Amino acid sequence: MTHRHRGNCLFASCIVACAVALFAALGSAIAAEPVSEGKILRALTPKSVTRNLSGTKTPQEIQRQTFINSVRGTTRSLTLDERTEVAAIAKERPSIDLEIYFDYNSAEIANKAVPDLMNLGRALTSPTLQGGVFLLSGHTDAKGGSEYNQALSERRAESVKAFLMKNFRIAAENLVATGYGKEQLKNQAHPFAAENRRVQVTNLQTKQEAGN
């Protein structure tokens, strides 16, 4: 192979590498775009509320509300049974994953997560959602032991709760914070990826459902 040919190959390889880096950077920039207040509002608004013709609650609804009331505003960590039960309720309720990022091995909210949290706070205090009960579920990546990650995920959920209480004056009893450690990885193909370090938000109960 001539020096000129090798030079052309090297130049072409550099062009490809630069193009890949450019697309990766653009992808990161797009991924970093904050989720709009409107999108959060739509995601967390129940499509409909099923009621009996008599207007009374079903036994299942009464049981669910009793449980939610038992964990509202608690200052202790939820037990395993409580985490399991609230997760089961959350599966049937409106939710959104905002990918609220944290620094590695930390419960400190990363700067790039603040716009999403501000939009979340505005949505939760809007006339449509204000007064509801919301679950903040903390998650970690797969590094470290299960017990450590469980505690870390709980601290991350509490950090988001504190942010919303401080900046939007949302009552503590309307925010249920808990953690699931590394049990529910968002990116299972890359268990150490940053998007696994997040907090998901679920509308457990609207103000109207609690009052009817």
# chains A, B, ... in the order shown; residues from 1 in each chain; ligands from 1

call {"tool": "residues_around", "arguments": {"residues": "region 74-87 of chain A", "least_positions_apart": "4", "cutoff": "8 Å", "atoms": "only C-alpha atoms", "output": "list in words"}}
result
Ile68, Lys91, Glu154, Glu173, Val176, Thr178, Gly179 and Tyr180 of chain A

call {"tool": "write_last_selection", "arguments": {"atoms": "N, CA, C and O atoms", "output": "tab-separated table (two decimals), in the first residue's frame"}}
result
chain	number	residue	atom	x	y	z
A	68	ILE	N	-53.28	4.35	50.72
A	68	ILE	CA	-52.59	5.59	50.33
A	68	ILE	C	-52.55	6.56	51.50
A	68	ILE	O	-51.52	7.18	51.77
A	91	LYS	N	-48.91	0.80	38.84
A	91	LYS	CA	-49.00	0.20	37.51
A	91	LYS	C	-50.30	0.55	36.81
A	91	LYS	O	-50.37	0.56	35.58
A	154	GLU	N	-33.89	5.75	47.98
A	154	GLU	CA	-34.82	6.43	48.88
A	154	GLU	C	-34.39	7.87	49.10
A	154	GLU	O	-35.22	8.80	49.12
A	173	GLU	N	-47.78	15.68	52.75
A	173	GLU	CA	-48.75	14.59	52.73
A	173	GLU	C	-49.24	14.26	51.31
A	173	GLU	O	-49.88	13.23	51.11
A	176	VAL	N	-45.50	10.95	48.21
A	176	VAL	CA	-45.04	9.69	48.80
A	176	VAL	C	-43.70	9.35	48.15
A	176	VAL	O	-43.64	9.07	46.95
A	178	THR	N	-40.38	6.95	47.88
A	178	THR	CA	-39.83	5.64	48.21
A	178	THR	C	-38.77	5.26	47.18
A	178	THR	O	-38.55	5.99	46.21
A	179	GLY	N	-38.09	4.17	47.42
A	179	GLY	CA	-37.02	3.74	46.52
A	179	GLY	C	-37.14	2.29	46.14
A	179	GLY	O	-37.72	1.48	46.88
A	180	TYR	N	-36.57	1.96	44.98
A	180	TYR	CA	-36.56	0.58	44.50
A	180	TYR	C	-35.16	0.11	44.14
A	180	TYR	O	-34.99	-0.92	43.48

call {"tool": "residues_around", "arguments": {"residues": "Ile100 (chain A)", "least_positions_apart": "5", "cutoff": "10 Å", "atoms": "only C-alpha atoms", "output": "ChimeraX atom specification"}}
result
/A:34,109-117,138-139,156-157,160,194-201

call {"tool": "select_by_dssp", "arguments": {"residues": "region 20-206 of chain A", "states": "helix (DSSP H, G or I)", "output": "count of residues only"}}
result
87
